[in-house]
Structure formats: structure tokens, C-alpha cells
$ cat final-v9.txt   # compact mmCIF, C-alpha atoms and all ligand atoms
# COMPACT_ATOMS: atom_id res chain seq x y z
CA MET A 1 22.00 10.57 12.50
CA LYS A 2 22.07 10.33 8.74
CA SER A 3 18.96 10.93 6.74
CA VAL A 4 17.06 8.27 4.82
CA ASP A 5 16.95 10.89 2.08
CA THR A 6 20.51 9.93 1.25
CA VAL A 7 19.28 6.63 -0.17
CA THR A 8 19.85 6.55 -3.89
CA GLU A 9 18.37 4.45 -6.64
CA GLU A 10 19.58 2.79 -9.76
CA PRO A 11 18.73 4.48 -13.05
CA PRO A 12 15.30 3.71 -14.51
CA ASP A 13 15.14 0.50 -16.47
CA ALA A 14 11.90 1.34 -18.25
CA LYS A 15 13.43 1.60 -21.71
CA ALA A 16 10.05 1.06 -23.24
CA SER A 17 8.84 4.38 -21.91
CA GLU A 18 11.08 6.11 -24.44
CA SER A 19 9.03 4.73 -27.32
CA SER A 20 5.70 3.81 -25.87
CA PRO A 21 3.85 0.78 -27.24
CA ILE A 22 0.55 2.22 -26.00
CA HIS A 23 -2.04 2.72 -28.70
CA ALA A 24 -4.60 5.49 -28.46
CA ARG A 25 -8.15 4.66 -27.44
CA PRO A 26 -10.59 5.18 -30.34
CA PRO A 27 -12.73 8.25 -29.60
CA GLY A 28 -15.96 7.47 -27.79
CA THR A 29 -14.92 4.01 -26.64
CA ALA A 30 -16.39 3.18 -23.25
CA LEU A 31 -14.50 1.10 -20.71
CA THR A 32 -17.20 -1.55 -20.74
CA ASP A 33 -16.86 -1.95 -24.52
CA ARG A 34 -13.41 -3.31 -23.93
CA PHE A 35 -14.52 -6.09 -21.61
CA ASP A 36 -16.45 -7.81 -24.36
CA LYS A 37 -13.48 -8.39 -26.60
CA ALA A 38 -12.07 -11.87 -26.98
CA ILE A 39 -8.90 -12.72 -25.13
CA PRO A 40 -6.11 -12.19 -27.64
CA ARG A 41 -4.09 -15.12 -28.87
CA ARG A 42 -1.63 -17.80 -28.12
CA VAL A 43 0.40 -18.70 -25.02
CA ALA A 44 -1.40 -20.31 -22.11
CA PRO A 45 -0.81 -17.94 -19.18
CA ARG A 46 0.87 -19.17 -16.03
CA PHE A 47 -1.18 -16.55 -14.28
CA ARG A 48 -4.90 -16.63 -14.96
CA MET A 49 -5.99 -13.37 -16.55
CA SER A 50 -9.29 -11.55 -16.17
CA GLU A 51 -11.27 -10.49 -19.21
CA ARG A 52 -10.74 -6.92 -18.18
CA SER A 53 -6.96 -7.27 -18.39
CA ALA A 54 -7.21 -9.19 -21.65
CA SER A 55 -9.33 -6.52 -23.21
CA PHE A 56 -7.01 -3.73 -22.09
CA LEU A 57 -4.01 -5.64 -23.44
CA GLY A 58 -5.67 -6.16 -26.78
CA GLU A 59 -6.61 -2.52 -27.11
CA PHE A 60 -3.52 -0.74 -25.86
CA TYR A 61 -0.66 -3.22 -26.29
CA PRO A 62 -1.59 -5.18 -29.42
CA GLN A 63 2.06 -6.14 -30.04
CA ALA A 64 2.36 -7.78 -26.63
CA SER A 65 1.37 -11.34 -25.75
CA ILE A 66 -0.50 -12.67 -22.75
CA ALA A 67 2.82 -14.06 -21.59
CA ASP A 68 4.26 -10.52 -21.77
CA TRP A 69 1.36 -9.14 -19.75
CA ASN A 70 1.79 -11.83 -17.11
CA ASP A 71 5.51 -11.09 -16.82
CA TRP A 72 6.06 -8.59 -14.00
CA ARG A 73 9.22 -7.34 -15.67
CA TRP A 74 7.23 -6.48 -18.79
CA GLN A 75 4.78 -4.66 -16.55
CA ASN A 76 7.68 -2.68 -15.08
CA ARG A 77 9.21 -1.86 -18.45
CA ASN A 78 5.88 -0.63 -19.73
CA ARG A 79 4.81 1.48 -16.76
CA ILE A 80 2.94 4.64 -17.65
CA ARG A 81 5.18 7.46 -16.60
CA ASN A 82 4.29 10.54 -18.55
CA LEU A 83 1.41 12.73 -19.60
CA ALA A 84 1.29 11.50 -23.18
CA ASP A 85 1.01 7.83 -22.26
CA LEU A 86 -1.50 8.47 -19.50
CA GLY A 87 -3.57 10.54 -21.91
CA ARG A 88 -3.83 7.54 -24.21
CA VAL A 89 -5.52 5.33 -21.62
CA ILE A 90 -7.70 7.85 -19.78
CA ARG A 91 -9.28 11.14 -20.76
CA LEU A 92 -7.34 13.55 -18.58
CA THR A 93 -9.04 16.59 -17.09
CA ASP A 94 -7.45 20.02 -17.23
CA GLU A 95 -6.74 19.77 -13.50
CA GLU A 96 -4.97 16.40 -13.84
CA THR A 97 -2.99 17.62 -16.84
CA ASP A 98 -1.91 20.76 -15.03
CA ALA A 99 -0.96 18.87 -11.86
CA ILE A 100 1.20 16.44 -13.84
CA ARG A 101 2.87 19.27 -15.77
CA ARG A 102 3.70 21.11 -12.55
CA HIS A 103 5.15 18.05 -10.83
CA THR A 104 8.87 17.94 -10.09
CA GLY A 105 11.04 15.77 -7.86
CA SER A 106 10.08 12.58 -6.09
CA LEU A 107 6.79 10.66 -6.32
CA PRO A 108 6.53 10.84 -10.11
CA VAL A 109 3.62 9.37 -12.00
CA GLY A 110 4.07 5.61 -12.27
CA ILE A 111 1.29 3.16 -13.12
CA THR A 112 1.63 -0.43 -14.31
CA PRO A 113 -0.42 -1.37 -17.38
CA TYR A 114 -2.25 -3.86 -15.14
CA TYR A 115 -3.29 -1.15 -12.67
CA ALA A 116 -4.09 1.26 -15.51
CA SER A 117 -6.59 -1.34 -16.74
CA LEU A 118 -8.53 -0.78 -13.51
CA LEU A 119 -8.84 2.99 -14.01
CA ASP A 120 -12.03 4.50 -15.36
CA PRO A 121 -11.00 6.47 -18.46
CA ALA A 122 -13.99 8.77 -18.26
CA ASP A 123 -14.58 9.42 -14.56
CA PRO A 124 -12.00 11.58 -12.76
CA MET A 125 -13.77 10.89 -9.46
CA GLN A 126 -13.25 7.14 -9.72
CA ALA A 127 -11.56 6.05 -6.51
CA LEU A 128 -8.56 4.21 -7.96
CA ARG A 129 -7.90 6.97 -10.46
CA ARG A 130 -7.73 9.55 -7.64
CA THR A 131 -5.06 7.51 -5.86
CA VAL A 132 -2.57 7.39 -8.75
CA VAL A 133 -3.27 10.42 -10.98
CA PRO A 134 -2.00 13.74 -9.54
CA LEU A 135 -4.46 16.49 -8.65
CA SER A 136 -3.88 20.17 -8.00
CA GLY A 137 -4.17 19.60 -4.23
CA GLU A 138 -0.68 18.05 -4.30
CA HIS A 139 0.73 21.50 -4.90
CA LEU A 140 -1.07 23.10 -1.95
CA LEU A 141 0.77 23.17 1.38
CA THR A 142 -1.58 23.55 4.36
CA PRO A 143 -0.77 24.13 8.07
CA GLY A 144 0.58 21.11 9.91
CA GLU A 145 1.86 19.36 6.81
CA ASN A 146 5.46 18.50 6.16
CA GLN A 147 7.67 16.20 4.09
CA ASP A 148 8.44 13.78 6.89
CA PRO A 149 5.45 13.84 9.22
CA LEU A 150 6.48 10.68 11.09
CA GLY A 151 9.95 12.02 11.83
CA GLU A 152 11.64 9.00 10.22
CA ASP A 153 14.70 10.89 9.04
CA GLY A 154 15.61 11.78 12.62
CA HIS A 155 15.69 8.10 13.62
CA SER A 156 17.92 6.82 10.85
CA PRO A 157 21.30 5.65 12.17
CA VAL A 158 22.40 4.50 8.70
CA PRO A 159 20.87 5.25 5.29
CA GLY A 160 17.76 3.21 4.66
CA LEU A 161 17.18 2.11 8.25
CA VAL A 162 14.73 3.65 10.72
CA HIS A 163 15.26 2.64 14.35
CA ARG A 164 12.65 4.26 16.56
CA TYR A 165 11.62 1.47 18.92
CA PRO A 166 14.23 -0.56 20.82
CA ASP A 167 13.22 -4.00 19.54
CA ARG A 168 12.30 -3.38 15.90
CA VAL A 169 13.52 -1.55 12.81
CA LEU A 170 12.26 -0.47 9.43
CA LEU A 171 14.61 -1.55 6.65
CA LEU A 172 14.07 0.47 3.47
CA VAL A 173 15.53 -1.66 0.69
CA THR A 174 14.47 0.40 -2.31
CA ASN A 175 12.78 3.66 -3.13
CA PHE A 176 11.17 2.24 -6.25
CA CYS A 177 7.48 1.35 -6.53
CA SER A 178 5.87 0.15 -9.72
CA VAL A 179 2.86 2.35 -8.91
CA TYR A 180 3.17 5.61 -7.00
CA CYS A 181 0.32 6.42 -4.63
CA ARG A 182 -0.35 10.13 -4.50
CA TYR A 183 -0.78 10.06 -0.69
CA CYS A 184 2.45 8.18 0.06
CA THR A 185 3.91 8.83 3.51
CA ARG A 186 7.38 8.57 1.95
CA ALA A 187 6.54 10.89 -0.92
CA ARG A 188 9.75 12.76 -0.09
CA MET A 189 11.90 9.85 -1.19
CA VAL A 190 10.06 7.28 -3.31
CA GLY A 191 10.83 7.50 -7.00
CA SER A 192 13.51 10.13 -6.44
CA VAL A 193 16.93 10.29 -8.10
CA GLY A 194 16.05 7.98 -10.92
CA GLU A 195 14.36 4.80 -9.89
CA ARG A 196 15.25 1.41 -8.52
CA SER A 197 17.06 -0.10 -5.62
CA VAL A 198 19.08 1.18 -2.75
CA LYS A 199 22.76 0.57 -3.35
CA LYS A 200 24.34 -2.62 -2.11
CA HIS A 201 26.59 -0.80 0.35
CA ASP A 202 23.53 0.80 1.97
CA ILE A 203 22.00 -2.63 2.52
CA ASP A 204 25.33 -3.91 3.84
CA ALA A 205 25.53 -1.05 6.33
CA ALA A 206 21.94 -1.53 7.46
CA LEU A 207 22.39 -5.29 7.94
CA ALA A 208 25.62 -4.68 9.85
CA TYR A 209 23.76 -2.27 12.14
CA ILE A 210 21.05 -4.88 12.79
CA GLU A 211 23.68 -7.55 13.42
CA ASN A 212 25.46 -5.31 15.91
CA THR A 213 22.27 -4.38 17.78
CA PRO A 214 21.09 -7.43 19.75
CA ALA A 215 17.94 -5.65 20.98
CA ILE A 216 16.45 -5.84 17.46
CA ARG A 217 14.15 -8.86 17.24
CA ASP A 218 11.76 -7.67 14.51
CA VAL A 219 12.62 -6.28 11.06
CA LEU A 220 10.02 -4.74 8.76
CA ILE A 221 11.31 -4.69 5.19
CA SER A 222 9.76 -1.82 3.31
CA GLY A 223 10.67 0.96 0.90
CA GLY A 224 9.49 1.79 -1.77
CA ASP A 225 8.27 -1.70 -2.44
CA PRO A 226 10.53 -4.62 -1.46
CA LEU A 227 8.79 -6.99 -3.87
CA SER A 228 9.94 -4.75 -6.72
CA LEU A 229 13.44 -6.16 -6.14
CA ASP A 230 14.33 -9.11 -8.29
CA ASP A 231 14.30 -12.55 -6.72
CA ASP A 232 18.05 -12.81 -6.18
CA ARG A 233 18.34 -9.52 -4.32
CA LEU A 234 15.34 -10.21 -2.15
CA ASP A 235 16.61 -13.71 -1.42
CA ASP A 236 20.00 -12.31 -0.46
CA ILE A 237 18.52 -9.78 1.97
CA LEU A 238 16.25 -12.33 3.60
CA ARG A 239 19.02 -14.90 3.89
CA ARG A 240 21.38 -12.44 5.53
CA LEU A 241 18.69 -11.27 7.92
CA ARG A 242 17.83 -14.83 8.87
CA ARG A 243 21.46 -15.51 9.69
CA ILE A 244 21.29 -12.96 12.52
CA PRO A 245 20.37 -15.00 15.60
CA HIS A 246 18.48 -12.24 17.46
CA VAL A 247 16.16 -11.45 14.51
CA GLU A 248 13.11 -13.51 15.43
CA PHE A 249 10.54 -12.02 13.15
CA VAL A 250 10.61 -10.60 9.62
CA ARG A 251 7.81 -8.70 7.94
CA ILE A 252 7.50 -7.39 4.39
CA GLY A 253 5.29 -4.42 3.55
CA SER A 254 4.20 -4.39 -0.10
CA LYS A 255 1.64 -3.15 -2.58
CA GLN A 256 3.04 -5.23 -5.44
CA PRO A 257 0.48 -8.05 -5.11
CA VAL A 258 -2.20 -5.37 -5.58
CA VAL A 259 -0.74 -3.28 -8.38
CA GLN A 260 1.26 -6.01 -10.12
CA PRO A 261 -0.16 -9.35 -8.94
CA MET A 262 1.85 -11.27 -11.53
CA ARG A 263 4.91 -10.46 -9.38
CA VAL A 264 3.80 -13.28 -7.09
CA THR A 265 5.40 -16.03 -9.12
CA PRO A 266 5.97 -19.62 -7.96
CA GLU A 267 9.68 -18.75 -7.87
CA LEU A 268 9.00 -15.86 -5.48
CA THR A 269 6.85 -17.90 -3.10
CA LYS A 270 9.49 -20.64 -3.14
CA ILE A 271 12.01 -18.10 -1.90
CA LEU A 272 9.72 -16.55 0.68
CA ARG A 273 8.73 -19.83 2.26
CA ARG A 274 12.38 -20.48 3.16
CA TYR A 275 12.40 -17.64 5.66
CA HIS A 276 9.57 -18.30 8.07
CA PRO A 277 8.36 -16.89 10.35
CA LEU A 278 7.68 -14.32 7.64
CA TRP A 279 4.59 -12.13 7.71
CA MET A 280 3.35 -9.73 5.10
CA SER A 281 1.39 -6.49 5.20
CA LEU A 282 -0.33 -5.74 1.92
CA HIS A 283 -1.43 -2.26 1.02
CA PHE A 284 -5.04 -2.25 -0.19
CA THR A 285 -7.09 0.90 -0.69
CA HIS A 286 -10.39 0.05 -2.33
CA PRO A 287 -12.53 -3.00 -3.16
CA ASP A 288 -12.00 -2.40 -6.90
CA GLU A 289 -8.44 -3.61 -6.35
CA ILE A 290 -9.69 -7.09 -5.51
CA THR A 291 -9.59 -8.69 -8.93
CA PRO A 292 -9.25 -12.35 -9.97
CA GLU A 293 -5.52 -11.73 -10.44
CA VAL A 294 -5.12 -10.27 -6.95
CA GLU A 295 -7.06 -13.18 -5.45
CA GLN A 296 -4.58 -15.55 -7.11
CA ALA A 297 -1.60 -13.58 -5.84
CA CYS A 298 -2.91 -13.54 -2.26
CA GLY A 299 -3.77 -17.21 -2.48
CA ARG A 300 -0.25 -18.07 -3.57
CA LEU A 301 1.24 -16.10 -0.67
CA ALA A 302 -1.17 -17.65 1.83
CA ASP A 303 -0.44 -21.13 0.45
CA ALA A 304 3.24 -20.41 1.09
CA GLY A 305 2.33 -20.13 4.77
CA ILE A 306 2.63 -16.35 4.97
CA PRO A 307 0.11 -14.69 7.31
CA LEU A 308 -1.35 -11.75 5.38
CA GLY A 309 -2.64 -8.49 6.85
CA SER A 310 -3.81 -5.41 5.03
CA GLN A 311 -2.94 -1.80 5.69
CA THR A 312 -5.36 0.75 4.31
CA VAL A 313 -5.09 4.53 4.35
CA LEU A 314 -8.38 6.33 4.93
CA LEU A 315 -8.83 8.71 1.98
CA ARG A 316 -11.47 11.31 1.25
CA ASP A 317 -13.66 10.44 -1.75
CA VAL A 318 -11.85 7.13 -2.12
CA ASN A 319 -12.80 4.81 0.72
CA ASP A 320 -14.40 7.07 3.35
CA ASP A 321 -17.89 5.60 3.30
CA VAL A 322 -19.28 2.59 5.08
CA ASP A 323 -20.34 0.61 2.01
CA THR A 324 -16.91 0.92 0.39
CA MET A 325 -15.07 0.01 3.57
CA ARG A 326 -17.36 -2.93 4.28
CA SER A 327 -16.93 -4.20 0.75
CA LEU A 328 -13.14 -3.87 1.06
CA VAL A 329 -12.81 -5.72 4.36
CA HIS A 330 -15.14 -8.50 3.24
CA GLY A 331 -13.22 -8.86 -0.02
CA LEU A 332 -9.95 -9.05 1.90
CA LEU A 333 -11.19 -11.91 4.07
CA ARG A 334 -12.23 -13.76 0.93
CA CYS A 335 -8.62 -13.33 -0.27
CA ARG A 336 -7.32 -14.69 3.06
CA VAL A 337 -6.06 -11.26 4.11
CA LYS A 338 -6.88 -9.96 7.60
CA PRO A 339 -7.77 -6.25 7.62
CA TYR A 340 -5.07 -5.11 10.03
CA TYR A 341 -4.73 -1.32 10.18
CA LEU A 342 -6.87 1.52 8.91
CA TYR A 343 -4.61 4.57 8.96
CA GLN A 344 -5.61 8.16 9.33
CA CYS A 345 -3.88 9.80 6.33
CA ASP A 346 -0.54 11.28 7.39
CA PRO A 347 -0.19 15.05 6.96
CA ILE A 348 2.40 14.89 4.20
CA SER A 349 2.84 18.00 2.08
CA GLY A 350 -0.08 18.47 -0.30
CA SER A 351 -2.37 15.91 1.32
CA ALA A 352 -5.31 18.07 2.47
CA HIS A 353 -7.51 16.88 -0.39
CA PHE A 354 -7.03 13.30 0.79
CA ARG A 355 -7.45 13.79 4.53
CA THR A 356 -10.74 13.21 6.33
CA PRO A 357 -11.54 14.27 9.89
CA VAL A 358 -10.38 11.64 12.40
CA SER A 359 -14.03 11.24 13.40
CA LYS A 360 -14.69 9.67 9.99
CA GLY A 361 -12.43 6.73 10.84
CA VAL A 362 -14.20 6.27 14.19
CA GLU A 363 -17.54 6.34 12.38
CA LEU A 364 -16.39 3.60 9.99
CA ILE A 365 -15.15 1.36 12.80
CA ARG A 366 -18.42 1.87 14.67
CA ALA A 367 -20.27 0.78 11.53
CA LEU A 368 -18.18 -2.40 11.28
CA ARG A 369 -17.64 -3.53 14.88
CA GLY A 370 -20.40 -5.92 15.86
CA HIS A 371 -22.12 -5.49 12.51
CA THR A 372 -19.80 -7.90 10.74
CA THR A 373 -17.17 -10.59 11.38
CA GLY A 374 -14.66 -9.51 14.01
CA TYR A 375 -11.76 -10.59 11.77
CA ALA A 376 -12.97 -8.03 9.24
CA VAL A 377 -12.55 -5.05 11.57
CA PRO A 378 -9.18 -3.29 11.34
CA THR A 379 -7.64 -1.19 14.08
CA PHE A 380 -8.00 2.50 13.27
CA VAL A 381 -4.78 4.36 14.10
CA VAL A 382 -3.29 7.79 13.90
CA ASP A 383 0.46 7.58 13.29
CA ALA A 384 1.40 10.41 15.61
CA PRO A 385 3.22 13.23 13.80
CA GLY A 386 6.76 13.65 15.04
CA GLY A 387 7.30 9.97 15.77
CA GLY A 388 4.85 9.02 18.53
CA GLY A 389 3.95 5.77 16.82
CA LYS A 390 0.55 4.34 16.03
CA ILE A 391 -2.14 5.47 18.44
CA PRO A 392 -5.36 3.42 18.22
CA ILE A 393 -8.60 5.32 18.22
CA ALA A 394 -11.83 3.41 18.79
CA PRO A 395 -15.45 4.25 19.38
CA ASP A 396 -16.14 4.53 23.10
CA TYR A 397 -18.18 1.60 24.35
CA VAL A 398 -17.68 2.40 28.05
CA VAL A 399 -20.51 4.53 29.50
CA GLY A 400 -19.18 4.65 33.06
CA TYR A 401 -19.84 3.12 36.46
CA ASP A 402 -22.94 2.77 38.57
CA GLY A 403 -21.52 1.65 41.89
CA ASP A 404 -19.55 -1.49 41.11
CA ASP A 405 -21.38 -2.03 37.84
CA LEU A 406 -19.57 -1.13 34.65
CA LEU A 407 -22.04 0.33 32.17
CA LEU A 408 -21.31 -0.63 28.57
CA ARG A 409 -22.85 0.33 25.26
CA SER A 410 -23.27 -2.48 22.74
CA TYR A 411 -22.66 -2.18 19.00
CA ASP A 412 -26.40 -1.64 18.39
CA GLY A 413 -26.85 1.05 21.04
CA GLY A 414 -28.11 -1.04 23.97
CA THR A 415 -26.76 -0.42 27.49
CA TYR A 416 -25.52 -3.33 29.58
CA ARG A 417 -24.15 -3.82 33.09
CA TYR A 418 -21.16 -5.90 34.04
CA PRO A 419 -20.48 -6.59 37.74
CA ASP A 420 -16.94 -5.28 37.94
CA GLN A 421 -15.92 -5.42 41.57
CA GLY A 422 -12.38 -4.29 42.26
CA SER A 423 -11.80 -2.86 38.77
CA SER A 424 -9.53 0.09 38.25
CA LEU A 425 -10.68 0.78 34.72
CA GLU A 426 -10.42 4.44 33.88
CA GLY A 427 -12.39 6.35 31.33
CA PRO A 428 -15.63 8.30 31.06
CA GLY A 429 -17.43 8.24 34.37
CA GLU A 430 -14.24 7.06 36.04
CA LYS A 431 -14.86 4.93 39.12
CA SER A 432 -14.35 6.94 42.29
S1 LIG A 501 3.32 1.51 -2.69
FE1 LIG A 501 3.70 2.30 -0.62
S2 LIG A 501 5.77 3.20 -0.71
FE2 LIG A 501 5.03 2.95 -2.85
S3 LIG A 501 4.08 4.91 -3.38
FE3 LIG A 501 2.44 3.57 -2.60
S4 LIG A 501 2.33 4.08 -0.40
FE4 LIG A 501 4.30 4.84 -1.15

$ encode --input "final-v9.txt" --output "C-alpha cells" --more "lines below"
Ligand code: SF4
Amino acid sequence: MKSVDTVTEEPPDAKASESSPIHARPPGTALTDRFDKAIPRRVAPRFRMSERSASFLGEFYPQASIADWNDWRWQNRNRIRNLADLGRVIRLTDEETDAIRRHTGSLPVGITPYYASLLDPADPMQALRRTVVPLSGEHLLTPGENQDPLGEDGHSPVPGLVHRYPDRVLLLVTNFCSVYCRYCTRARMVGSVGERSVKKHDIDAALAYIENTPAIRDVLISGGDPLSLDDDRLDDILRRLRRIPHVEFVRIGSKQPVVQPMRVTPELTKILRRYHPLWMSLHFTHPDEITPEVEQACGRLADAGIPLGSQTVLLRDVNDDVDTMRSLVHGLLRCRVKPYYLYQCDPISGSAHFRTPVSKGVELIRALRGHTTGYAVPTFVVDAPGGGGKIPIAPDYVVGYDGDDLLLRSYDGGTYRYPDQGSSLEGPGEKS
């Protein structure tokens, strides 16, 4: 089988990064100072803008308009991609500076101006900052880690397609993301060899494979980030997929609505709504990502009839406490997004500083289940290294049997009996 590593990208299109329009922060300026500034000038935005974004725009991109800011292509062209530009919007620590200088290869630094506006310039421990600014831990390889922990490359019959389960495939349509998460499972390939989309002939080969494999009923479009493709390319892929009679179900996995919410344009939702049933998994990490802009983006997708679920990676010192996780899942429901999966962080190379013990995930689910709305509780899974798929791990609510009575523990610690004659349930205190 060919490797997904053979996927190539178009050259970067971020011309603006060659002569950055970012202006330096005046010394001593606090983040909160910037929120009080008036929204700069002129064009009525098609996408409602928070004061935070407006303030950041006024301070760091004074030549740009609100219309520029709300244009996802402008956001792409002006991504922060190097040490100098990042140093203008946050005060980098020696560790961050060193980690960026040492970085080579895939998973470069990439942060949209919008997402940069959410970073705390003064606090290196701020959750969002830790997810997008490299740390020295990235350069530390610990036992059990590897570049492809899920064994995707070994299940790739054509470049850009992973076929592990008989009835569904993962279609990787790009290795570009507008923001690169430092814990990315596909760190080995995203952002490599320049940036941008998979070549057309790769997509053609992948679609031909799907067409010639009648067992495939479900296609997950991922990458990189599929919503980083322009409308025409995305439309073309969806249309060709929908023409295949045995493809019943199409999903898109994306972080774009979170890191670049202005990508969710009326034109995009018009395209997406043509291809139902279409579901979407959005990648959220922390409640600070739930901004007025992101609420609008999720609302637009939901209004287009797209069921939305969230996928969250459990990360040390980012979202591994009950208050943060509760705040995230409640915020997601308000945005019409069902918390779907909470993932144990995959053991990619250089991920030890992000990984928690598995017991932490169980502890978080125990703190949510029964204590809040059932829709708010995600399924905690370990994606088994080597390709075993997602294995759910839940707190154990089964105490055992007393005769024919099943003994159960409730969410608040009480013990209850259920008359369970004839059951063959196995587990602790297995019925004899
Ligand atoms: S958006 Fe997804 S694919 Fe892109 S860097 Fe983040 S985790 Fe990886």
C-alpha cells in the first residue's frame, strides 16, 4: 500500500507573510486595554465582529478594513507563520522562541490573525496559546511515541485515502490547515512540502477507489482541513462523491469554524446544503474558543441542516479539569454542537507534555455524567495505537450481582438494585 505521506501540497499562497503588515504592540500594553478601543471604520461587516477582534485588528493591522478581517482569504494570506510576526503579537518566552527556532519539517507554526486575537500575549500558560505555540516538549521523543500512532499509512491503498474498516474511508483532501495544532495526530504530514491542497490526480484516484469499492457507504472528508479548500474545489469533491450510489453518508471533519469562523460564508453553506445527508465534526479544544464569531459560524452550519458534533482532544494544562470541560460542553450545546468524542491524546512524537493519564479522562466523564445534561457528555475514547480504532472508556457503574439482582452505582454514589433475571451481562462481579 502507498503511504499517505506521498500527498503533496500546492506552494504557500501567503504572499503577505513576506512583508508582514503586523504592527508591534506598544510596550506594556495589556490585552484588556485593546478591548476598549472603538471598532475601526467603514464597511458594514457581513460577519458580525466581536470587540476583541476589532481591537486586535485596529492595533496590529491598521491598514486592513473590517471587510478584510471578515474575509477568510485575507485571514489565510495574513497567517502568522514565523518567529518575528508571532513576537509582535505575544511576548514569547525563551522556551517558545527556542522551540520555534529548532522546528523543521511538517507542522510549522501557522495561526490566523483571528485566532491570534484570542491568545494571551503575557501568559505562556494560557490554554489556547499552549495549543498553537511550540514548546520544547515537541522535540522530546518518549517511549511509545511515533509519527503515525494510528497506523494510517499502512491502510492507504491510494495517496490521501485511509481504508481501515470495510464500510467507511477517510479521504484526506488537503494537508493544509490555517492553524496548526501542536498535538496534531497527523503532525507527520500537515503543513509539509509547502502548503495547500492535495493534487487533483490524488483526489481523482481516491474517488475512483471509492467508486470501485461498493462496500464503502460512509466517507469522512478530512485532512488537513477540508474547509480550507476554496468553494469550487470542495463543491467538486462533494458532487463527485454524491454521484457514487453506494456512498450513503458523508462527513466533514474541520477546525475552520473555530479558528477562522468567517470561512462559514453564505456561499459555503449554500454549497454544503446540496449534499445532505452531510454531517460535520468540529474540532474544539477549550471554552475560550467559543466566541460570538464562532457562535455565528456554528449557527449558519446548523441552519443549513448540518448535524454538528465536536471532537476534543484531552490535553494536559489545557482542558484537563472539570470546570474547563464543563464550560466547554455547555458552550457547545449553546452553539448547537453536540459534544461527541473526547479523545485521549495520541502518542505522536513529542506529545508527552500534552498527554494526561487515561484515568483523567474517566474522572472528567464521571464528573459530567448525571451531573449535567446527557447531550453534553461526550464519549471518552482511546484511539488504539496501531490501528485498533476508537475504544470507549467509561466510569464503571456496574457493581456486580447479588443473586439475580444487578447492583448499580448511580452518578452520585448511591447503590441500586435492578431485578435482572436471565441476564448474561459480564463485568465486575460477573454473574455465575
Ligand atoms: S486542525 Fe486538525 S489536522 Fe489541522 S493541525 Fe489541527 S488537529 Fe491537525

$ atom_distance --input "final-v9.txt" --atom1 "atom CA of A:Gly350" --atom2 "atom CA of A:Leu332"
29.3 Å

$ residues_near_ligand --input "final-v9.txt" --ligand "ligand LIG 501 (chain A)" --cutoff "10 Å" --atoms "all atoms listed in the file" --output "PyMOL selection string"
chain A and resi 107-110+131-132+172+174-191+222-226+228+253-256+258-259+282-285+311-313

$ write_last_selection --input "final-v9.txt" --atoms "C-alpha atoms" --output "short mmCIF file (atom, residue, chain, number, x, y, z; two decimals), in the coordinates of the input"
data_model
loop_
_atom_site.label_atom_id
_atom_site.label_comp_id
_atom_site.auth_asym_id
_atom_site.auth_seq_id
_atom_site.Cartn_x
_atom_site.Cartn_y
_atom_site.Cartn_z
CA LEU A 107 6.79 10.66 -6.32
CA PRO A 108 6.53 10.84 -10.11
CA VAL A 109 3.62 9.37 -12.00
CA GLY A 110 4.07 5.61 -12.27
CA THR A 131 -5.06 7.51 -5.86
CA VAL A 132 -2.57 7.39 -8.75
CA LEU A 172 14.07 0.47 3.47
CA THR A 174 14.47 0.40 -2.31
CA ASN A 175 12.78 3.66 -3.13
CA PHE A 176 11.17 2.24 -6.25
CA CYS A 177 7.48 1.35 -6.53
CA SER A 178 5.87 0.15 -9.72
CA VAL A 179 2.86 2.35 -8.91
CA TYR A 180 3.17 5.61 -7.00
CA CYS A 181 0.32 6.42 -4.63
CA ARG A 182 -0.35 10.13 -4.50
CA TYR A 183 -0.78 10.06 -0.69
CA CYS A 184 2.45 8.18 0.06
CA THR A 185 3.91 8.83 3.51
CA ARG A 186 7.38 8.57 1.95
CA ALA A 187 6.54 10.89 -0.92
CA ARG A 188 9.75 12.76 -0.09
CA MET A 189 11.90 9.85 -1.19
CA VAL A 190 10.06 7.28 -3.31
CA GLY A 191 10.83 7.50 -7.00
CA SER A 222 9.76 -1.82 3.31
CA GLY A 223 10.67 0.96 0.90
CA GLY A 224 9.49 1.79 -1.77
CA ASP A 225 8.27 -1.70 -2.44
CA PRO A 226 10.53 -4.62 -1.46
CA SER A 228 9.94 -4.75 -6.72
CA GLY A 253 5.29 -4.42 3.55
CA SER A 254 4.20 -4.39 -0.10
CA LYS A 255 1.64 -3.15 -2.58
CA GLN A 256 3.04 -5.23 -5.44
CA VAL A 258 -2.20 -5.37 -5.58
CA VAL A 259 -0.74 -3.28 -8.38
CA LEU A 282 -0.33 -5.74 1.92
CA HIS A 283 -1.43 -2.26 1.02
CA PHE A 284 -5.04 -2.25 -0.19
CA THR A 285 -7.09 0.90 -0.69
CA GLN A 311 -2.94 -1.80 5.69
CA THR A 312 -5.36 0.75 4.31
CA VAL A 313 -5.09 4.53 4.35
#

$ residues_around --input "final-v9.txt" --residues "A:Asp204" --least-positions-apart "6" --cutoff "10 Å" --atoms "only C-alpha atoms" --output "list in words"
Ile210, Ile237 and Arg240 of chain A

$ closest_residue --input "final-v9.txt" --among "A:Glu211, A:Asp85, A:Asp123, A:Asp71" --to "A:Ile22" --atoms "all atoms listed in the file"
A:Asp85

$ atom_distance --input "final-v9.txt" --atom1 "atom CA of A:Pro292" --atom2 "atom CA of A:Met49"
7.4 Å

$ atom_distance --input "final-v9.txt" --atom1 "atom CA of A:Pro385" --atom2 "atom CA of A:His139"
20.6 Å

$ residues_around --input "final-v9.txt" --residues "A:Ile393" --least-positions-apart "5" --cutoff "8 Å" --atoms "all atoms listed in the file" --output "PDB file with C-alpha atoms, in the frame of the given file"
ATOM      1  CA  VAL A 362     -14.200   6.270  14.190  1.00  0.00           C
ATOM      2  CA  THR A 379      -7.640  -1.190  14.080  1.00  0.00           C
ATOM      3  CA  PHE A 380      -8.000   2.500  13.270  1.00  0.00           C
ATOM      4  CA  VAL A 381      -4.780   4.360  14.100  1.00  0.00           C
ATOM      5  CA  VAL A 382      -3.290   7.790  13.900  1.00  0.00           C
TER       6      VAL A 382
END

$ residues_near_point --input "final-v9.txt" --point "(-12.5, -2.4, 2.3)" --cutoff "8 Å" --atoms "all atoms listed in the file" --output "PyMOL selection string"
chain A and resi 284-287+319+324-332

$ closest_residue --input "final-v9.txt" --among "A:Gln296, A:Pro121, A:Tyr115, A:Trp72" --to "A:Asp231" --atoms "only C-alpha atoms"
A:Trp72

$ residues_near_point --input "final-v9.txt" --point "(4.5, 18.4, -13.7)" --cutoff "12 Å" --atoms "all atoms listed in the file" --output "list in words"
Arg81, Asn82, Leu83, Glu95, Glu96, Thr97, Asp98, Ala99, Ile100, Arg101, Arg102, His103, Thr104, Gly105, Ser106, Leu107, Pro108, Val109, Val133, Pro134, Leu135, Ser136, Glu138 and His139 of chain A

$ closest_residue --input "final-v9.txt" --among "A:Ala127, A:Pro347, A:Leu315, A:Asp320" --to "A:Asn146" --atoms "all atoms listed in the file"
A:Pro347
